[in-house]
Amino acid sequence: MPGASKFERLAYASNDWIQVTVEGQPVQVRPGDSAAAALLAAGQPAARTSAVSGDPRAPYCLMGICFECLLEIDGVPNVQGCMVQVADGMNIRRQQGAPVLNDSLAEGVPA
Amino acid sequence: MSNHDVDLAIIGAGPAGMAAAATAAQLGLKTVLLDEQKGPGGQIYRSIIQPAPADEKILGKDYYHGRSLALALKNSSLDYRPGTSVWALDQDLSLSLSGNGQSQRIHPRRLLIATGAQERPVPFPGWTLPGVMTCGAAQILLKSSALVPAQPLILAGSGPLLLLIAAQLHRAGVAIEAILDTTPRKHYLTALKYLPGALRNLPLLAKGAGLLTELRRAGIRRITGVSELRALASPDGTLGQVCFRQGKKEQTISAATLLVHQGVVPNVQLSRSLNLTHDWDKLQQCWRPHIDSWGESSLPGLFVAGDGAGIAGALAAEAFGKLAALQIAQQLNVISEQQRDRQSQVPRRTLDRQRAIRPFLDALYSPAREFLLPVDDTLVCRCEEVTAGELRRLARDGCPGPNQAKAFCRAGMGPCQGRMCGLTVSQLMADERQVPNSEVGYYQIRSPIKPLSLGELADSAN
Ligand SMILES: Cc1cc2nc3c(=O)[nH]c(=O)nc-3n(C[C@H](O)[C@@H](O)[C@H](O)COP(=O)(O)OP(=O)(O)OC[C@H]3O[C@@H](n4cnc5c(N)ncnc54)[C@H](O)[C@@H]3O)c2cc1C
Ligand code: FES
């Protein structure tokens, strides 16, 4: 049934597992995973909600371009989940709506 | 008197950056190689030090070629810094970078931008639904995590990477419901005139044909001449169905994942932030920094090599990286012009051959008009939710280009800084005003081009 299935793991090159928490649930992930990959592996289709309409959004590019994977990682909001590698005990939460990123950062501050 | 920290700073450890770094270090240049990823490889060779899938057949031989490039880094004296992102550049070539929560500035004598490409953003109705992602994203999950997408799975788009990723997923045992090929039929004719150039690179042509055969033998349904692609939501708000037209026939297929791809375009965020001269590449339908045959840009001492300088593929990127490093070594009087010319013969030949096939591929796989100029109700700016219709209306009302449109509708002002909408906004406005793209221009990109924590920002102020 569409929507119900999730990303699946193939045979992995090493035997290493890492434990993280996704939306409060403990999940076993692989050391090469980004936080965004861990989210998808945990069966969570959406990372955040749009700050404008509230619609759900999911990781789209996984290479730092789209900013659709913004997550709350270890209590820090607005982190690009696809650019952060998982670590033991990492606490990953979806980012709910509003302020997506500080405007001054997005727009550029004098460097 | 010199206040330089290093001879050469290279941004990006893909094939271009890795090859440049190894060449420069070997010639004795004090070189630093910076990349925001945790390991070398860039996009094509991502995770090459520790690829996730146990079965090497899945990603194929071309992928594992990257191992030798990554090994060459290990064996050289260069200062390679993974996990380091460059967020600002200055006219004097100095860079601001951050890694491990700390910021730093480096002032090199020469700078090489080798930041590669991104997939072309392809707006179409429904592209923001969870369940829709790019083919490249699925490939990243495969290389780094051995994860494969939820099924039923549909791939849609155009270009060699679409076929490669379909084949890789198939080898991984993933059932592909259908490949929707959006290549307009008339492109086959247009591309024919570029065939002689393509024949200079028979191995690549043969690879493309091989992929098509592999997919056909696997019995995967490939529907050609597809248009009017739309993604529809299921009741839970994620992707439920994919609709499209083939000729007169409209079709709808159930899907949990839709992977889209319309080729790749240079990542111009850093070169734009310095206001370097950029040219509109009509065949590739994208901007590229203006460079000479060694990669030197409109700012003396700043080089751009690899797909970030214009799409030519990984082998071209590797050769171009070497050429840029040789020219830099010559400029810094480490080698003579004769030595440079001698050492550049082989990479120059490779680069020429790899580039010779591009016009054919670019003409064949140029995105269909509906993706370049999407229908009015399509979201173009995903961050601020601005539609194609709104941008057209602004252009009609006299708004001259993307920077002015920003002020009216906030397109390009969200966290992605226009990476996802910049090309489309320029093209929509140019089309509506009936002027060339070069006349409407592109967003003015300001640093920091990467998000910074407050701590990193504070560091940089000191
Ligand atoms: C998602 C994706 C998948 C691809 N897969 C394939 C494939 O399987 N086969 C194929 O033939 N071609 C593939 N390509 C095409 C690709 O462009 C290759 O031709 C090749 O990777 C280009 O090499 P490069 O060295 O120019 O850049 P890249 O390989 O893209 O390397 C650029 C590097 O720069 C780094 N970088 C970018 N910006 C910054 C910054 N501000 N600070 C620090 N580091 C930065 C990136 O992390 C990256 O490692 C892919 C492209 C994309 C976008
Ligand atoms: S998924 Fe696009 S930036 Fe992370």
# chains A, B, ... in the order shown; residues from 1 in each chain; ligands from 1

$ interface_residues --of "chain B" --to "chain A" --cutoff "7 Å" --atoms "only C-alpha atoms" --output "VMD selection string"
chain B and resid 52 to 54 128 to 131 133 to 134 136 to 137 140 to 141 144 to 152 238 to 240 254 to 256 384 to 385 413 to 417 419 to 420 446 to 448 451

$ residues_near_ligand --ligand "ligand 1" --cutoff "7 Å" --atoms "only C-alpha atoms and all ligand atoms" --output "NGL selection string"
(:A and (63)) or (:B and (11-17 or 34-37 or 40-45 or 63 or 84-87 or 114-119 or 136-137 or 139-140 or 161 or 264 or 270 or 305-308 or 311-314 or 317-318 or 450))

$ write_last_selection --atoms "C-alpha atoms" --output "PDB file, in the first residue's frame"
ATOM      1  CA  MET A  63      23.426  16.673  -0.485  1.00  0.00           C
TER       2      MET A  63
ATOM      3  CA  ILE B  11      37.362  23.520  -2.216  1.00  0.00           C
ATOM      4  CA  GLY B  12      35.795  20.138  -2.969  1.00  0.00           C
ATOM      5  CA  ALA B  13      37.257  16.623  -2.805  1.00  0.00           C
ATOM      6  CA  GLY B  14      35.449  15.146  -5.788  1.00  0.00           C
ATOM      7  CA  PRO B  15      37.425  13.857  -8.796  1.00  0.00           C
ATOM      8  CA  ALA B  16      38.454  17.409  -9.824  1.00  0.00           C
ATOM      9  CA  GLY B  17      39.603  18.469  -6.353  1.00  0.00           C
ATOM     10  CA  LEU B  34      38.636  21.274   2.056  1.00  0.00           C
ATOM     11  CA  ASP B  35      35.369  19.361   1.812  1.00  0.00           C
ATOM     12  CA  GLU B  36      32.213  19.424   3.853  1.00  0.00           C
ATOM     13  CA  GLN B  37      31.730  15.667   3.513  1.00  0.00           C
ATOM     14  CA  PRO B  40      36.680  12.120  -0.081  1.00  0.00           C
ATOM     15  CA  GLY B  41      34.916  11.235  -3.331  1.00  0.00           C
ATOM     16  CA  GLY B  42      32.560  14.086  -4.173  1.00  0.00           C
ATOM     17  CA  GLN B  43      29.209  13.113  -5.656  1.00  0.00           C
ATOM     18  CA  ILE B  44      30.188  10.310  -8.008  1.00  0.00           C
ATOM     19  CA  TYR B  45      32.564   8.587  -5.576  1.00  0.00           C
ATOM     20  CA  TYR B  63      32.253   3.880  -8.976  1.00  0.00           C
ATOM     21  CA  THR B  84      34.989  21.500   6.633  1.00  0.00           C
ATOM     22  CA  SER B  85      32.625  23.771   4.756  1.00  0.00           C
ATOM     23  CA  VAL B  86      33.609  26.987   3.059  1.00  0.00           C
ATOM     24  CA  TRP B  87      31.005  29.675   3.635  1.00  0.00           C
ATOM     25  CA  ALA B 114      35.949  22.305  -7.382  1.00  0.00           C
ATOM     26  CA  THR B 115      32.490  22.196  -5.838  1.00  0.00           C
ATOM     27  CA  GLY B 116      30.907  20.180  -8.631  1.00  0.00           C
ATOM     28  CA  ALA B 117      27.300  20.042  -9.663  1.00  0.00           C
ATOM     29  CA  GLN B 118      23.827  19.702  -8.220  1.00  0.00           C
ATOM     30  CA  GLU B 119      20.876  18.018  -9.848  1.00  0.00           C
ATOM     31  CA  GLY B 136      20.816  11.453  -6.879  1.00  0.00           C
ATOM     32  CA  ALA B 137      19.344  11.441  -3.382  1.00  0.00           C
ATOM     33  CA  GLN B 139      21.909   7.063  -5.009  1.00  0.00           C
ATOM     34  CA  ILE B 140      23.429   8.792  -1.976  1.00  0.00           C
ATOM     35  CA  LEU B 161      22.206   9.333 -14.628  1.00  0.00           C
ATOM     36  CA  VAL B 264      22.979  18.160 -13.401  1.00  0.00           C
ATOM     37  CA  LEU B 270      30.618  30.327  -4.379  1.00  0.00           C
ATOM     38  CA  ALA B 305      37.545  23.036 -12.417  1.00  0.00           C
ATOM     39  CA  GLY B 306      35.283  20.008 -12.720  1.00  0.00           C
ATOM     40  CA  ASP B 307      31.531  19.966 -13.212  1.00  0.00           C
ATOM     41  CA  GLY B 308      31.277  23.277 -11.353  1.00  0.00           C
ATOM     42  CA  ILE B 311      29.095  19.725 -16.947  1.00  0.00           C
ATOM     43  CA  ALA B 312      31.481  17.259 -18.592  1.00  0.00           C
ATOM     44  CA  GLY B 313      31.450  14.251 -16.237  1.00  0.00           C
ATOM     45  CA  ALA B 314      33.778  12.670 -13.711  1.00  0.00           C
ATOM     46  CA  ALA B 317      36.660  16.603 -13.919  1.00  0.00           C
ATOM     47  CA  GLU B 318      39.673  14.508 -12.936  1.00  0.00           C
ATOM     48  CA  LYS B 450      26.265  27.799   4.328  1.00  0.00           C
TER      49      LYS B 450
END

$ residues_around --residues "B:Gln251" --least-positions-apart "6" --cutoff "12 Å" --atoms "only C-alpha atoms" --output "PDB file with all heavy atoms, in the first residue's frame"
ATOM      1  N   ALA B 178       8.067   1.467 -13.057  1.00  0.00           N
ATOM      2  CA  ALA B 178       8.203   2.016 -14.409  1.00  0.00           C
ATOM      3  C   ALA B 178       9.255   3.111 -14.431  1.00  0.00           C
ATOM      4  O   ALA B 178       9.508   3.763 -13.410  1.00  0.00           O
ATOM      5  CB  ALA B 178       6.882   2.603 -14.887  1.00  0.00           C
ATOM      6  N   LEU B 180       9.679   6.550 -16.394  1.00  0.00           N
ATOM      7  CA  LEU B 180       8.962   7.476 -17.269  1.00  0.00           C
ATOM      8  C   LEU B 180       9.997   8.379 -17.920  1.00  0.00           C
ATOM      9  O   LEU B 180      10.594   9.230 -17.255  1.00  0.00           O
ATOM     10  CB  LEU B 180       7.960   8.305 -16.471  1.00  0.00           C
ATOM     11  CG  LEU B 180       7.010   7.518 -15.550  1.00  0.00           C
ATOM     12  CD1 LEU B 180       6.074   8.470 -14.816  1.00  0.00           C
ATOM     13  CD2 LEU B 180       6.226   6.483 -16.343  1.00  0.00           C
ATOM     14  N   ILE B 223       8.605   3.851 -20.248  1.00  0.00           N
ATOM     15  CA  ILE B 223       7.590   4.538 -21.043  1.00  0.00           C
ATOM     16  C   ILE B 223       8.213   5.819 -21.583  1.00  0.00           C
ATOM     17  O   ILE B 223       8.666   6.669 -20.811  1.00  0.00           O
ATOM     18  CB  ILE B 223       6.346   4.844 -20.177  1.00  0.00           C
ATOM     19  CG1 ILE B 223       5.847   3.540 -19.546  1.00  0.00           C
ATOM     20  CG2 ILE B 223       5.256   5.525 -20.994  1.00  0.00           C
ATOM     21  CD1 ILE B 223       4.669   3.694 -18.622  1.00  0.00           C
ATOM     22  N   VAL B 226       7.084  10.841 -22.364  1.00  0.00           N
ATOM     23  CA  VAL B 226       6.171  11.196 -21.266  1.00  0.00           C
ATOM     24  C   VAL B 226       6.132  12.712 -21.067  1.00  0.00           C
ATOM     25  O   VAL B 226       7.163  13.380 -21.110  1.00  0.00           O
ATOM     26  CB  VAL B 226       6.625  10.496 -19.959  1.00  0.00           C
ATOM     27  CG1 VAL B 226       5.957  11.110 -18.744  1.00  0.00           C
ATOM     28  CG2 VAL B 226       6.346   9.002 -20.042  1.00  0.00           C
ATOM     29  N   SER B 227       4.939  13.258 -20.859  1.00  0.00           N
ATOM     30  CA  SER B 227       4.811  14.674 -20.522  1.00  0.00           C
ATOM     31  C   SER B 227       3.762  14.851 -19.430  1.00  0.00           C
ATOM     32  O   SER B 227       3.142  13.880 -18.984  1.00  0.00           O
ATOM     33  CB  SER B 227       4.440  15.480 -21.766  1.00  0.00           C
ATOM     34  OG  SER B 227       3.164  15.089 -22.214  1.00  0.00           O
ATOM     35  N   GLU B 228       3.579  16.087 -19.013  1.00  0.00           N
ATOM     36  CA  GLU B 228       2.589  16.452 -17.971  1.00  0.00           C
ATOM     37  C   GLU B 228       2.717  15.589 -16.718  1.00  0.00           C
ATOM     38  O   GLU B 228       1.724  15.075 -16.183  1.00  0.00           O
ATOM     39  CB  GLU B 228       1.171  16.390 -18.549  1.00  0.00           C
ATOM     40  CG  GLU B 228       0.940  17.456 -19.608  1.00  0.00           C
ATOM     41  CD  GLU B 228      -0.412  17.353 -20.290  1.00  0.00           C
ATOM     42  OE1 GLU B 228      -1.388  16.966 -19.625  1.00  0.00           O
ATOM     43  OE2 GLU B 228      -0.471  17.657 -21.498  1.00  0.00           O
ATOM     44  N   LEU B 229       3.941  15.470 -16.230  1.00  0.00           N
ATOM     45  CA  LEU B 229       4.198  14.685 -15.015  1.00  0.00           C
ATOM     46  C   LEU B 229       3.603  15.389 -13.794  1.00  0.00           C
ATOM     47  O   LEU B 229       3.776  16.588 -13.621  1.00  0.00           O
ATOM     48  CB  LEU B 229       5.723  14.542 -14.845  1.00  0.00           C
ATOM     49  CG  LEU B 229       6.205  13.754 -13.636  1.00  0.00           C
ATOM     50  CD1 LEU B 229       5.882  12.276 -13.812  1.00  0.00           C
ATOM     51  CD2 LEU B 229       7.701  13.952 -13.435  1.00  0.00           C
ATOM     52  N   ARG B 230       2.874  14.641 -12.986  1.00  0.00           N
ATOM     53  CA  ARG B 230       2.314  15.190 -11.748  1.00  0.00           C
ATOM     54  C   ARG B 230       2.390  14.155 -10.640  1.00  0.00           C
ATOM     55  O   ARG B 230       2.208  12.961 -10.885  1.00  0.00           O
ATOM     56  CB  ARG B 230       0.844  15.569 -11.945  1.00  0.00           C
ATOM     57  CG  ARG B 230       0.647  16.976 -12.491  1.00  0.00           C
ATOM     58  CD  ARG B 230      -0.821  17.236 -12.786  1.00  0.00           C
ATOM     59  NE  ARG B 230      -1.346  16.277 -13.725  1.00  0.00           N
ATOM     60  CZ  ARG B 230      -2.602  15.797 -13.683  1.00  0.00           C
ATOM     61  NH1 ARG B 230      -3.425  16.177 -12.749  1.00  0.00           N
ATOM     62  NH2 ARG B 230      -3.003  14.935 -14.597  1.00  0.00           N
ATOM     63  N   ALA B 231       2.650  14.616  -9.428  1.00  0.00           N
ATOM     64  CA  ALA B 231       2.629  13.722  -8.264  1.00  0.00           C
ATOM     65  C   ALA B 231       1.405  14.068  -7.435  1.00  0.00           C
ATOM     66  O   ALA B 231       1.160  15.241  -7.162  1.00  0.00           O
ATOM     67  CB  ALA B 231       3.903  13.903  -7.450  1.00  0.00           C
ATOM     68  N   GLN B 241       0.158   8.757  -5.884  1.00  0.00           N
ATOM     69  CA  GLN B 241       0.066   8.378  -7.294  1.00  0.00           C
ATOM     70  C   GLN B 241       0.908   9.296  -8.164  1.00  0.00           C
ATOM     71  O   GLN B 241       1.163  10.452  -7.807  1.00  0.00           O
ATOM     72  CB  GLN B 241      -1.389   8.505  -7.761  1.00  0.00           C
ATOM     73  CG  GLN B 241      -2.295   7.465  -7.155  1.00  0.00           C
ATOM     74  CD  GLN B 241      -3.744   7.720  -7.544  1.00  0.00           C
ATOM     75  OE1 GLN B 241      -4.194   8.863  -7.587  1.00  0.00           O
ATOM     76  NE2 GLN B 241      -4.445   6.648  -7.847  1.00  0.00           N
ATOM     77  N   VAL B 242       1.301   8.754  -9.306  1.00  0.00           N
ATOM     78  CA  VAL B 242       2.003   9.554 -10.306  1.00  0.00           C
ATOM     79  C   VAL B 242       1.156   9.567 -11.574  1.00  0.00           C
ATOM     80  O   VAL B 242       0.731   8.503 -12.042  1.00  0.00           O
ATOM     81  CB  VAL B 242       3.395   8.954 -10.605  1.00  0.00           C
ATOM     82  CG1 VAL B 242       4.094   9.736 -11.708  1.00  0.00           C
ATOM     83  CG2 VAL B 242       4.246   8.933  -9.336  1.00  0.00           C
ATOM     84  N   CYS B 243       0.866  10.770 -12.091  1.00  0.00           N
ATOM     85  CA  CYS B 243       0.078  10.906 -13.326  1.00  0.00           C
ATOM     86  C   CYS B 243       0.966  11.441 -14.427  1.00  0.00           C
ATOM     87  O   CYS B 243       1.875  12.224 -14.160  1.00  0.00           O
ATOM     88  CB  CYS B 243      -1.029  11.931 -13.163  1.00  0.00           C
ATOM     89  SG  CYS B 243      -2.231  11.500 -12.002  1.00  0.00           S
ATOM     90  N   PHE B 244       0.662  11.053 -15.639  1.00  0.00           N
ATOM     91  CA  PHE B 244       1.427  11.574 -16.776  1.00  0.00           C
ATOM     92  C   PHE B 244       0.662  11.315 -18.052  1.00  0.00           C
ATOM     93  O   PHE B 244      -0.352  10.612 -18.061  1.00  0.00           O
ATOM     94  CB  PHE B 244       2.812  10.906 -16.839  1.00  0.00           C
ATOM     95  CG  PHE B 244       2.751   9.418 -16.993  1.00  0.00           C
ATOM     96  CD1 PHE B 244       2.837   8.823 -18.252  1.00  0.00           C
ATOM     97  CD2 PHE B 244       2.594   8.589 -15.892  1.00  0.00           C
ATOM     98  CE1 PHE B 244       2.771   7.442 -18.399  1.00  0.00           C
ATOM     99  CE2 PHE B 244       2.518   7.208 -16.036  1.00  0.00           C
ATOM    100  CZ  PHE B 244       2.612   6.636 -17.293  1.00  0.00           C
ATOM    101  N   ARG B 245       1.188  11.894 -19.123  1.00  0.00           N
ATOM    102  CA  ARG B 245       0.577  11.692 -20.430  1.00  0.00           C
ATOM    103  C   ARG B 245       1.616  11.068 -21.349  1.00  0.00           C
ATOM    104  O   ARG B 245       2.794  11.429 -21.321  1.00  0.00           O
ATOM    105  CB  ARG B 245       0.129  13.054 -20.981  1.00  0.00           C
ATOM    106  CG  ARG B 245      -0.416  13.006 -22.400  1.00  0.00           C
ATOM    107  CD  ARG B 245      -0.723  14.410 -22.885  1.00  0.00           C
ATOM    108  NE  ARG B 245      -1.856  14.992 -22.203  1.00  0.00           N
ATOM    109  CZ  ARG B 245      -3.134  14.718 -22.509  1.00  0.00           C
ATOM    110  NH1 ARG B 245      -3.414  13.889 -23.498  1.00  0.00           N
ATOM    111  NH2 ARG B 245      -4.107  15.290 -21.856  1.00  0.00           N
TER     112      ARG B 245
END

$ residues_around --residues "B:Glu432" --least-positions-apart "5" --cutoff "7 Å" --atoms "only C-alpha atoms" --output "compact mmCIF listing (two decimals) with all heavy atoms, in the first residue's frame"
# COMPACT_ATOMS: atom_id res chain seq x y z
N ARG B 392 5.45 34.90 -13.17
CA ARG B 392 5.07 35.41 -14.50
C ARG B 392 4.34 36.74 -14.37
O ARG B 392 4.58 37.68 -15.11
CB ARG B 392 4.16 34.41 -15.22
CG ARG B 392 4.89 33.20 -15.75
CD ARG B 392 4.02 32.45 -16.78
NE ARG B 392 4.77 31.37 -17.38
CZ ARG B 392 4.72 30.10 -16.96
NH1 ARG B 392 3.95 29.77 -15.94
NH2 ARG B 392 5.45 29.18 -17.56
N ALA B 395 6.74 39.54 -13.69
CA ALA B 395 7.48 39.92 -14.90
C ALA B 395 6.59 40.77 -15.81
O ALA B 395 7.04 41.77 -16.37
CB ALA B 395 7.97 38.67 -15.63
N ARG B 396 5.32 40.35 -15.93
CA ARG B 396 4.39 41.11 -16.77
C ARG B 396 4.17 42.52 -16.22
O ARG B 396 4.04 43.48 -16.95
CB ARG B 396 3.03 40.39 -16.82
CG ARG B 396 2.90 39.40 -17.98
CD ARG B 396 1.45 39.09 -18.28
NE ARG B 396 0.69 38.66 -17.10
CZ ARG B 396 0.67 37.40 -16.63
NH1 ARG B 396 1.37 36.47 -17.22
NH2 ARG B 396 -0.05 37.10 -15.57

$ closest_atom_pairs --of "stretch 311-416 of chain B" --to "stretch 94-110 of chain B" --cutoff "12 Å" --atoms "only C-alpha atoms" --output "CSV"
residue,atom,partner,partner_atom,distance
B:Ala324,CA,B:Arg110,CA,10.5
B:Ala325,CA,B:Arg110,CA,9.8
B:Gln327,CA,B:Arg110,CA,10.6
B:Ile328,CA,B:Arg110,CA,7.1
B:Ala329,CA,B:Arg110,CA,9.5
B:Gln330,CA,B:Arg110,CA,11.6
B:Gln331,CA,B:Arg110,CA,9.3
B:Leu332,CA,B:Arg109,CA,8.5

$ write_last_selection --atoms "N, CA, C and O atoms" --output "short mmCIF file (atom, residue, chain, number, x, y, z; two decimals), in the first residue's frame"
data_model
loop_
_atom_site.label_atom_id
_atom_site.label_comp_id
_atom_site.auth_asym_id
_atom_site.auth_seq_id
_atom_site.Cartn_x
_atom_site.Cartn_y
_atom_site.Cartn_z
N ALA B 324 44.38 22.37 -14.04
CA ALA B 324 44.36 23.58 -13.22
C ALA B 324 45.56 23.60 -12.28
O ALA B 324 46.24 24.63 -12.13
N ALA B 325 45.86 22.44 -11.68
CA ALA B 325 46.99 22.37 -10.75
C ALA B 325 48.31 22.66 -11.47
O ALA B 325 49.20 23.34 -10.93
N GLN B 327 48.78 24.52 -14.19
CA GLN B 327 48.87 25.95 -14.50
C GLN B 327 49.21 26.76 -13.24
O GLN B 327 50.00 27.70 -13.28
N ILE B 328 48.60 26.36 -12.12
CA ILE B 328 48.88 27.07 -10.87
C ILE B 328 50.35 26.90 -10.49
O ILE B 328 51.03 27.85 -10.11
N ALA B 329 50.86 25.67 -10.65
CA ALA B 329 52.27 25.42 -10.34
C ALA B 329 53.18 26.26 -11.24
O ALA B 329 54.20 26.77 -10.81
N GLN B 330 52.76 26.42 -12.49
CA GLN B 330 53.57 27.22 -13.42
C GLN B 330 53.52 28.70 -13.00
O GLN B 330 54.54 29.37 -12.94
N GLN B 331 52.32 29.17 -12.66
CA GLN B 331 52.20 30.58 -12.23
C GLN B 331 53.03 30.86 -10.99
O GLN B 331 53.54 31.96 -10.80
N LEU B 332 53.16 29.85 -10.12
CA LEU B 332 53.93 30.05 -8.88
C LEU B 332 55.40 29.68 -9.08
O LEU B 332 56.14 29.52 -8.12
#

$ closest_residue --among "A:Ala42, A:Leu71, A:Val20, A:Val27" --to "ligand 2" --atoms "only C-alpha atoms and all ligand atoms"
A:Leu71

$ residues_around --residues "B:Thr424" --least-positions-apart "4" --cutoff "10 Å" --atoms "only C-alpha atoms" --output "list in words"
Arg120, Pro121, Val122, Pro123, Cys286, Phe371, Leu372, Leu373, Pro374, Val380, Cys381, Ala388, Leu391, Pro402, Gly418, Met420, Leu428, Met429, Ala430 and Tyr442 of chain B

$ select_by_dssp --residues "stretch 145-368 of chain B" --states "strand (DSSP E or B)" --output "PyMOL selection string"
chain B and resi 147-148+153-158+176-181+222-223+226-233+239-246+249-254+257-262+264-266+278-281+286-289+296+302-304

$ atom_distance --atom1 "atom CA of B:Ser336" --atom2 "atom CA of B:Leu276"
28.2 Å

$ residues_around --residues "B:Ser158" --least-positions-apart "6" --cutoff "12 Å" --atoms "only C-alpha atoms" --output "PyMOL selection string"
chain B and resi 119-120+122+134-135+164-166+179-185+187+222-227+259-264+361-368+371

$ write_last_selection --atoms "N, CA and C atoms" --output "short mmCIF file (atom, residue, chain, number, x, y, z; two decimals), in the first residue's frame"
data_model
loop_
_atom_site.label_atom_id
_atom_site.label_comp_id
_atom_site.auth_asym_id
_atom_site.auth_seq_id
_atom_site.Cartn_x
_atom_site.Cartn_y
_atom_site.Cartn_z
N GLU B 119 21.89 18.41 -8.87
CA GLU B 119 20.88 18.02 -9.85
C GLU B 119 20.03 19.24 -10.20
N ARG B 120 19.64 19.30 -11.47
CA ARG B 120 18.82 20.44 -11.89
C ARG B 120 17.48 20.38 -11.16
N VAL B 122 13.78 20.48 -10.78
CA VAL B 122 12.76 20.30 -11.80
C VAL B 122 11.37 20.47 -11.21
N THR B 134 15.07 13.24 -5.48
CA THR B 134 15.84 13.14 -6.72
C THR B 134 16.49 11.75 -6.84
N CYS B 135 16.81 11.38 -8.06
CA CYS B 135 17.54 10.13 -8.29
C CYS B 135 18.87 10.16 -7.54
N LEU B 164 21.48 5.11 -15.16
CA LEU B 164 22.47 4.48 -14.29
C LEU B 164 21.85 4.13 -12.93
N ILE B 165 21.12 5.07 -12.37
CA ILE B 165 20.57 4.85 -11.04
C ILE B 165 19.47 3.79 -11.09
N ALA B 166 18.69 3.78 -12.17
CA ALA B 166 17.70 2.71 -12.34
C ALA B 166 18.41 1.36 -12.34
N ILE B 179 9.89 3.28 -15.59
CA ILE B 179 10.75 4.45 -15.82
C ILE B 179 9.99 5.33 -16.81
N LEU B 180 9.68 6.55 -16.39
CA LEU B 180 8.96 7.48 -17.27
C LEU B 180 10.00 8.38 -17.92
N ASP B 181 10.24 8.18 -19.21
CA ASP B 181 11.28 8.95 -19.89
C ASP B 181 10.66 10.20 -20.50
N THR B 182 11.06 11.35 -19.99
CA THR B 182 10.45 12.61 -20.45
C THR B 182 11.24 13.27 -21.59
N THR B 183 12.27 12.56 -22.12
CA THR B 183 13.04 13.13 -23.22
C THR B 183 12.09 13.41 -24.40
N PRO B 184 11.97 14.68 -24.82
CA PRO B 184 11.07 14.95 -25.95
C PRO B 184 11.56 14.23 -27.20
N ARG B 185 10.63 13.64 -27.96
CA ARG B 185 11.03 12.83 -29.11
C ARG B 185 11.84 13.63 -30.12
N HIS B 187 14.08 15.66 -29.70
CA HIS B 187 15.49 15.80 -29.34
C HIS B 187 16.38 14.77 -30.02
N ARG B 222 9.76 0.79 -19.59
CA ARG B 222 10.26 2.15 -19.81
C ARG B 222 9.29 2.83 -20.76
N ILE B 223 8.61 3.85 -20.25
CA ILE B 223 7.59 4.54 -21.04
C ILE B 223 8.21 5.82 -21.58
N THR B 224 8.29 5.94 -22.91
CA THR B 224 8.98 7.09 -23.49
C THR B 224 7.98 8.17 -23.92
N GLY B 225 8.52 9.34 -24.23
CA GLY B 225 7.67 10.45 -24.69
C GLY B 225 6.68 10.90 -23.64
N VAL B 226 7.08 10.84 -22.36
CA VAL B 226 6.17 11.20 -21.27
C VAL B 226 6.13 12.71 -21.07
N SER B 227 4.94 13.26 -20.86
CA SER B 227 4.81 14.67 -20.52
C SER B 227 3.76 14.85 -19.43
N LEU B 259 11.29 9.01 -8.01
CA LEU B 259 12.63 9.60 -8.11
C LEU B 259 12.71 10.37 -9.42
N VAL B 260 13.10 11.64 -9.34
CA VAL B 260 13.13 12.47 -10.54
C VAL B 260 14.56 12.91 -10.87
N HIS B 261 14.79 13.16 -12.14
CA HIS B 261 16.12 13.60 -12.56
C HIS B 261 16.04 14.29 -13.92
N GLN B 262 16.68 15.43 -14.05
CA GLN B 262 16.77 16.11 -15.35
C GLN B 262 18.19 16.62 -15.55
N GLY B 263 19.17 15.78 -15.31
CA GLY B 263 20.55 16.19 -15.51
C GLY B 263 21.09 16.99 -14.34
N VAL B 264 22.34 17.40 -14.47
CA VAL B 264 22.98 18.16 -13.40
C VAL B 264 23.46 19.51 -13.94
N LEU B 361 24.98 14.70 -25.88
CA LEU B 361 24.19 14.37 -24.69
C LEU B 361 23.32 15.55 -24.26
N ASP B 362 23.91 16.76 -24.35
CA ASP B 362 23.16 17.94 -23.90
C ASP B 362 21.94 18.19 -24.78
N ALA B 363 22.10 17.99 -26.10
CA ALA B 363 20.98 18.22 -27.01
C ALA B 363 19.92 17.14 -26.80
N LEU B 364 20.36 15.91 -26.63
CA LEU B 364 19.42 14.80 -26.46
C LEU B 364 18.64 14.94 -25.15
N TYR B 365 19.36 15.25 -24.08
CA TYR B 365 18.73 15.22 -22.76
C TYR B 365 18.40 16.60 -22.21
N SER B 366 18.36 17.59 -23.06
CA SER B 366 17.94 18.92 -22.61
C SER B 366 16.52 18.79 -22.03
N PRO B 367 16.27 19.37 -20.86
CA PRO B 367 14.97 19.16 -20.23
C PRO B 367 13.82 19.66 -21.10
N ALA B 368 12.70 18.97 -21.02
CA ALA B 368 11.51 19.40 -21.76
C ALA B 368 11.07 20.76 -21.21
N PHE B 371 9.49 21.49 -17.75
CA PHE B 371 10.29 21.52 -16.53
C PHE B 371 11.06 22.83 -16.40
#

$ select_by_dssp --residues "chain A" --states "helix (DSSP H, G or I)" --output "count of residues only"
15
